[in-house]
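What follows is the content of target-v4.txt (compact mmCIF, C-alpha atoms).
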# COMPACT_ATOMS: atom_id res chain seq x y z
CA MET A 1 -128.00 31.18 -47.51
CA ARG A 2 -125.98 28.21 -46.19
CA ALA A 3 -122.82 29.70 -47.66
CA ILE A 4 -123.41 32.95 -45.77
CA ALA A 5 -123.94 31.05 -42.51
CA LEU A 6 -120.82 28.96 -43.14
CA PHE A 7 -118.73 32.08 -43.78
CA GLY A 8 -120.19 33.67 -40.65
CA VAL A 9 -119.20 30.69 -38.49
CA ALA A 10 -115.75 30.57 -40.10
CA GLY A 11 -115.34 34.29 -39.45
CA VAL A 12 -116.20 33.92 -35.76
CA LEU A 13 -113.76 31.02 -35.34
CA PHE A 14 -111.01 32.89 -37.18
CA ALA A 15 -111.60 36.04 -35.13
CA GLY A 16 -111.45 34.05 -31.88
CA ALA A 17 -108.23 32.30 -32.89
CA ALA A 18 -106.73 35.63 -33.99
CA TYR A 19 -107.70 37.11 -30.63
CA ALA A 20 -105.99 34.20 -28.86
CA ALA A 21 -102.85 34.54 -30.98
CA GLU A 22 -102.62 38.30 -30.53
CA GLY A 23 -104.65 38.87 -27.38
CA GLY A 24 -102.15 37.99 -24.73
CA TRP A 25 -101.77 34.25 -25.18
CA GLN A 26 -98.11 33.39 -24.91
CA GLU A 27 -96.02 30.28 -25.15
CA PHE A 28 -94.76 28.64 -21.98
CA SER A 29 -92.00 26.10 -22.39
CA TYR A 30 -91.36 23.15 -20.07
CA PRO A 31 -88.21 21.38 -21.32
CA GLU A 32 -88.20 18.99 -18.33
CA ALA A 33 -91.68 17.85 -19.36
CA GLY A 34 -90.86 17.87 -23.08
CA PHE A 35 -93.47 20.35 -24.33
CA ALA A 36 -94.40 23.95 -24.99
CA ALA A 37 -97.95 25.31 -25.17
CA GLN A 38 -99.70 28.64 -25.52
CA TYR A 39 -101.91 29.71 -22.63
CA PRO A 40 -103.91 32.88 -21.89
CA ASP A 41 -101.95 33.28 -18.62
CA ARG A 42 -99.11 31.59 -16.71
CA PRO A 43 -100.14 27.97 -16.01
CA ARG A 44 -100.47 26.63 -12.50
CA VAL A 45 -98.46 23.41 -12.06
CA GLU A 46 -99.60 20.67 -9.72
CA VAL A 47 -98.81 17.00 -9.16
CA ARG A 48 -101.39 14.36 -8.33
CA ASP A 49 -102.00 10.63 -8.60
CA TYR A 50 -103.28 9.28 -11.91
CA LYS A 51 -105.36 6.13 -11.53
CA THR A 52 -104.56 3.32 -13.96
CA THR A 53 -105.14 -0.38 -14.34
CA GLN A 54 -101.85 -0.70 -16.25
CA ILE A 55 -99.82 -1.45 -13.10
CA PRO A 56 -100.48 -3.41 -9.88
CA GLU A 57 -100.06 -0.30 -7.67
CA GLY A 58 -102.93 1.37 -9.55
CA VAL A 59 -101.42 4.89 -9.71
CA VAL A 60 -98.62 6.85 -11.34
CA LYS A 61 -97.70 10.50 -10.84
CA GLU A 62 -99.27 13.08 -13.12
CA ARG A 63 -98.22 16.71 -13.62
CA ILE A 64 -100.92 19.17 -14.66
CA TYR A 65 -100.14 22.53 -16.29
CA SER A 66 -103.42 24.47 -16.35
CA VAL A 67 -105.08 27.87 -16.65
CA ASN A 68 -108.69 28.75 -15.86
CA SER A 69 -109.84 31.51 -18.22
CA GLY A 70 -113.37 32.64 -17.43
CA GLY A 71 -114.39 29.13 -16.40
CA VAL A 72 -112.69 27.40 -19.36
CA VAL A 73 -109.80 25.21 -18.22
CA TYR A 74 -106.87 24.73 -20.60
CA ALA A 75 -104.63 21.90 -19.36
CA VAL A 76 -101.72 19.73 -20.40
CA GLN A 77 -101.68 16.63 -18.21
CA ILE A 78 -98.70 14.26 -18.28
CA ALA A 79 -98.91 10.91 -16.47
CA ASP A 80 -95.51 9.31 -15.99
CA PHE A 81 -95.44 5.64 -17.02
CA THR A 82 -91.64 5.51 -17.46
CA ARG A 83 -91.17 2.98 -14.64
CA THR A 84 -93.88 0.67 -15.96
CA ARG A 85 -94.48 -1.64 -18.87
CA ALA A 86 -97.66 0.13 -19.91
CA GLN A 87 -98.78 -0.50 -23.46
CA LYS A 88 -99.44 2.46 -25.74
CA ASP A 89 -102.86 1.47 -27.10
CA ARG A 90 -104.18 0.20 -23.76
CA THR A 91 -103.05 3.38 -21.98
CA ILE A 92 -104.66 5.65 -24.58
CA ASP A 93 -107.85 3.57 -24.54
CA GLU A 94 -108.00 3.70 -20.74
CA ALA A 95 -107.72 7.53 -20.78
CA ALA A 96 -110.37 7.67 -23.53
CA LYS A 97 -112.72 5.43 -21.52
CA ASN A 98 -112.35 7.69 -18.48
CA LEU A 99 -113.26 10.72 -20.58
CA ILE A 100 -116.16 8.99 -22.35
CA GLY A 101 -117.59 8.14 -18.94
CA LEU A 102 -118.33 11.86 -18.43
CA GLY A 103 -121.11 12.05 -21.03
CA LYS A 104 -122.06 11.68 -24.69
CA VAL A 105 -119.30 11.34 -27.31
CA THR A 106 -119.65 13.96 -30.05
CA HIS A 107 -116.25 13.50 -31.69
CA ASP A 108 -113.75 10.59 -31.66
CA VAL A 109 -111.03 10.56 -34.31
CA SER A 110 -107.38 9.64 -34.59
CA GLY A 111 -104.96 12.46 -33.82
CA ARG A 112 -101.30 13.12 -34.48
CA ILE A 113 -98.48 15.17 -33.00
CA ASP A 114 -95.39 15.02 -35.16
CA TRP A 115 -95.19 11.28 -35.93
CA ASN A 116 -97.04 10.19 -32.81
CA TYR A 117 -100.56 8.90 -33.23
CA GLY A 118 -103.30 9.08 -30.63
CA ARG A 119 -106.96 10.09 -30.30
CA GLU A 120 -108.95 13.28 -30.13
CA ILE A 121 -112.23 12.97 -28.31
CA ARG A 122 -114.97 15.44 -27.44
CA VAL A 123 -117.62 14.58 -24.85
CA GLU A 124 -120.58 16.66 -23.72
CA ASP A 125 -122.21 16.15 -20.34
CA ASN A 126 -125.87 16.71 -19.36
CA ASP A 127 -125.16 20.31 -18.27
CA GLY A 128 -123.70 21.26 -21.66
CA THR A 129 -120.06 21.27 -20.55
CA SER A 130 -117.77 19.92 -23.26
CA TYR A 131 -114.49 18.11 -22.68
CA THR A 132 -112.07 18.03 -25.60
CA ASP A 133 -109.01 15.86 -25.10
CA ALA A 134 -106.13 15.00 -27.42
CA ILE A 135 -104.56 11.84 -25.98
CA PHE A 136 -101.06 10.55 -26.85
CA PHE A 137 -98.61 8.06 -25.33
CA ILE A 138 -95.07 9.24 -26.12
CA ASP A 139 -91.86 7.93 -24.54
CA SER A 140 -93.83 6.19 -21.77
CA GLN A 141 -95.68 9.39 -20.89
CA LEU A 142 -99.42 9.85 -21.31
CA TYR A 143 -100.03 13.35 -22.70
CA GLN A 144 -103.54 14.78 -22.53
CA ILE A 145 -104.10 18.21 -24.09
CA LYS A 146 -107.46 18.94 -22.54
CA VAL A 147 -109.99 21.78 -22.60
CA THR A 148 -112.99 21.81 -20.29
CA TYR A 149 -115.55 24.24 -21.73
CA PRO A 150 -118.63 24.91 -19.57
CA LEU A 151 -121.76 26.14 -21.31
CA ALA A 152 -121.73 29.29 -19.16
CA ASN A 153 -118.30 30.91 -19.27
CA THR A 154 -116.69 34.28 -19.85
CA ASP A 155 -113.60 33.21 -21.80
CA PRO A 156 -112.96 36.05 -24.29
CA VAL A 157 -111.82 33.76 -27.14
CA GLY A 158 -114.94 31.59 -27.04
CA SER A 159 -114.90 28.04 -28.33
CA SER A 160 -112.13 28.84 -30.84
CA GLY A 161 -109.72 28.70 -27.90
CA ILE A 162 -110.18 24.92 -27.83
CA HIS A 163 -108.74 24.44 -31.31
CA PHE A 164 -106.09 27.13 -30.86
CA PHE A 165 -104.82 25.59 -27.59
CA GLN A 166 -104.54 22.11 -29.04
CA GLN A 167 -102.95 23.25 -32.29
CA ALA A 168 -100.38 25.47 -30.53
CA PHE A 169 -99.10 22.54 -28.40
CA ARG A 170 -95.69 21.22 -29.46
CA LEU A 171 -93.24 18.59 -28.32
CA LEU A 172 -89.69 19.66 -27.55
CA HIS A 173 -87.89 16.33 -28.21

Show me, as structure tokens, the structure contained in the file I just sent.
Amino acid sequence: MRAIALFGVAGVLFAGAAYAAEGGWQEFSYPEAGFAAQYPDRPRVEVRDYKTTQIPEGVVKERIYSVNSGGVVYAVQIADFTRTRAQKDRTIDEAAKNLIGLGKVTHDVSGRIDWNYGREIRVEDNDGTSYTDAIFFIDSQLYQIKVTYPLANTDPVGSSGIHFFQQAFRLLH
């Protein structure tokens, strides 16, 4: 009986990922930012301040490339530490601490993009919203490949979009 349930769950995840791959998700490339990612629609790009304790000024600029699909937000966030002496592990840990402050940690493992190591963390808040974030510090830039997944949403790919989005991300350097 467990095997049937396991195959059922695997089938749903595979179907959702297949839908994402074939159902209109396309790759958007940002050479100036050093990455390409697949999104369900054209990302909105915005710039804002990123708070950090790594520098005396307390902020660096962050670019956010995001799409809201039925309430689920798929985002690549890049905080620019190139004019600082920020340390890789401290910067990743600071981003992780900010995320962990949102709720209960359900997943915290090491992650890797190419030869760059970081962390993948999933947090769930009291309302059932999950935040999945792959965090890397590459060439003095803090990359966060983040999916905010509210309990109530209408995203057609379901939770499989989280894995698909993070796995389809690639560096261009």

Counting all atoms listed in the file, what is within 7 Å of A:Phe35, bar same-chain residues fewer than 6 positions away, as number ranges by chain? A: 29, 170-172

Who sits within 6 Å of stretch 144-161 of chain A, all atoms listed in the file, same chain under 3 positions skipped, as a ChimeraX atom specification: /A:13,16-17,69-77,128-135,164-165

I'd like the neighbourhood of A:Ile100 as a VMD selection string, where a residue qualifies if any of its atoms comes within 9 Å (using only C-alpha atoms), though same-chain residues fewer than 6 positions away should be ignored. chain A and resid 121 to 124

Serialized selection, C-alpha atoms, as a PDB file, in the coordinates of the input:
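New file out-v2.pdb:
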ATOM      1  CA  ILE A 121    -112.230  12.970 -28.310  1.00  0.00           C
ATOM      2  CA  ARG A 122    -114.970  15.440 -27.440  1.00  0.00           C
ATOM      3  CA  VAL A 123    -117.620  14.580 -24.850  1.00  0.00           C
ATOM      4  CA  GLU A 124    -120.580  16.660 -23.720  1.00  0.00           C
TER       5      GLU A 124
END

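Proximity to A:Thr52 was assessed for A:Asp89, A:Asp139, A:Glu94, A:Glu27 counting only C-alpha atoms; the smallest distance is recorded for A:Glu94.
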
Need the neighbours of (-96.7, 11.2, -27.6): which residues are at most 9 Å away, counting all atoms listed in the file, as a PyMOL selection string? chain A and resi 112-118+135-143+171

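One finds atom CA of A:Arg119 at 18.3 Å from atom CA of A:Asp80.
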
Atom CA of A:Leu99 to atom CA of A:Ile162, distance in Å rounded to a single decimal: 16.2 Å

A:Arg42: which residues within 9 Å, counting all atoms listed in the file, same-chain residues fewer than 3 positions away excluded, as a PyMOL selection string? chain A and resi 26+28+39+66-67

Output requested as a CSV table (one decimal), in the coordinates of the input - stretch 113-146 of chain A, filled out with N, CA and C atoms.
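Result file is result38.csv:
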chain,number,residue,atom,x,y,z
A,113,ILE,N,-99.4,14.1,-33.3
A,113,ILE,CA,-98.5,15.2,-33.0
A,113,ILE,C,-97.2,14.7,-33.5
A,114,ASP,N,-96.6,15.5,-34.5
A,114,ASP,CA,-95.4,15.0,-35.2
A,114,ASP,C,-95.7,13.6,-35.8
A,115,TRP,N,-95.0,12.6,-35.4
A,115,TRP,CA,-95.2,11.3,-35.9
A,115,TRP,C,-95.9,10.4,-34.9
A,116,ASN,N,-96.4,11.0,-33.9
A,116,ASN,CA,-97.0,10.2,-32.8
A,116,ASN,C,-98.6,10.2,-33.0
A,117,TYR,N,-99.1,9.0,-33.1
A,117,TYR,CA,-100.6,8.9,-33.2
A,117,TYR,C,-101.3,8.7,-31.9
A,118,GLY,N,-102.5,9.2,-31.8
A,118,GLY,CA,-103.3,9.1,-30.6
A,118,GLY,C,-104.8,9.3,-31.0
A,119,ARG,N,-105.5,9.9,-30.1
A,119,ARG,CA,-107.0,10.1,-30.3
A,119,ARG,C,-107.3,11.5,-29.9
A,120,GLU,N,-108.3,12.0,-30.6
A,120,GLU,CA,-109.0,13.3,-30.1
A,120,GLU,C,-110.4,13.0,-29.9
A,121,ILE,N,-110.9,13.3,-28.7
A,121,ILE,CA,-112.2,13.0,-28.3
A,121,ILE,C,-112.9,14.2,-27.7
A,122,ARG,N,-114.2,14.4,-28.1
A,122,ARG,CA,-115.0,15.4,-27.4
A,122,ARG,C,-116.2,14.8,-26.9
A,123,VAL,N,-116.5,15.1,-25.6
A,123,VAL,CA,-117.6,14.6,-24.8
A,123,VAL,C,-118.4,15.8,-24.3
A,124,GLU,N,-119.7,15.6,-24.3
A,124,GLU,CA,-120.6,16.7,-23.7
A,124,GLU,C,-121.4,16.0,-22.6
A,125,ASP,N,-121.4,16.7,-21.4
A,125,ASP,CA,-122.2,16.2,-20.3
A,125,ASP,C,-123.6,16.7,-20.4
A,126,ASN,N,-124.5,16.3,-19.4
A,126,ASN,CA,-125.9,16.7,-19.4
A,126,ASN,C,-126.1,18.2,-19.1
A,127,ASP,N,-125.1,18.9,-18.5
A,127,ASP,CA,-125.2,20.3,-18.3
A,127,ASP,C,-124.7,21.2,-19.4
A,128,GLY,N,-124.2,20.5,-20.5
A,128,GLY,CA,-123.7,21.3,-21.7
A,128,GLY,C,-122.2,21.6,-21.6
A,129,THR,N,-121.5,21.1,-20.6
A,129,THR,CA,-120.1,21.3,-20.6
A,129,THR,C,-119.4,20.3,-21.5
A,130,SER,N,-118.5,20.8,-22.3
A,130,SER,CA,-117.8,19.9,-23.3
A,130,SER,C,-116.3,19.7,-22.8
A,131,TYR,N,-115.9,18.5,-23.0
A,131,TYR,CA,-114.5,18.1,-22.7
A,131,TYR,C,-113.8,17.7,-24.0
A,132,THR,N,-112.8,18.4,-24.4
A,132,THR,CA,-112.1,18.0,-25.6
A,132,THR,C,-110.7,17.6,-25.2
A,133,ASP,N,-110.3,16.4,-25.6
A,133,ASP,CA,-109.0,15.9,-25.1
A,133,ASP,C,-108.3,15.2,-26.3
A,134,ALA,N,-107.0,15.7,-26.5
A,134,ALA,CA,-106.1,15.0,-27.4
A,134,ALA,C,-105.2,14.1,-26.6
A,135,ILE,N,-105.2,12.8,-26.8
A,135,ILE,CA,-104.6,11.8,-26.0
A,135,ILE,C,-103.4,11.1,-26.8
A,136,PHE,N,-102.2,11.2,-26.2
A,136,PHE,CA,-101.1,10.6,-26.8
A,136,PHE,C,-100.2,9.9,-25.8
A,137,PHE,N,-99.6,8.8,-26.2
A,137,PHE,CA,-98.6,8.1,-25.3
A,137,PHE,C,-97.3,8.1,-26.0
A,138,ILE,N,-96.4,9.0,-25.5
A,138,ILE,CA,-95.1,9.2,-26.1
A,138,ILE,C,-94.0,9.0,-25.1
A,139,ASP,N,-93.0,8.2,-25.4
A,139,ASP,CA,-91.9,7.9,-24.5
A,139,ASP,C,-92.3,7.6,-23.1
A,140,SER,N,-93.3,6.7,-23.0
A,140,SER,CA,-93.8,6.2,-21.8
A,140,SER,C,-94.5,7.3,-20.9
A,141,GLN,N,-95.0,8.3,-21.6
A,141,GLN,CA,-95.7,9.4,-20.9
A,141,GLN,C,-97.0,9.5,-21.6
A,142,LEU,N,-98.1,9.6,-20.8
A,142,LEU,CA,-99.4,9.8,-21.3
A,142,LEU,C,-99.7,11.3,-21.3
A,143,TYR,N,-99.7,11.9,-22.5
A,143,TYR,CA,-100.0,13.4,-22.7
A,143,TYR,C,-101.5,13.5,-23.0
A,144,GLN,N,-102.2,14.4,-22.2
A,144,GLN,CA,-103.5,14.8,-22.5
A,144,GLN,C,-103.6,16.3,-22.7
A,145,ILE,N,-103.9,16.8,-23.8
A,145,ILE,CA,-104.1,18.2,-24.1
A,145,ILE,C,-105.6,18.4,-24.0
A,146,LYS,N,-106.0,19.0,-22.9
A,146,LYS,CA,-107.5,18.9,-22.5
A,146,LYS,C,-108.0,20.3,-22.3
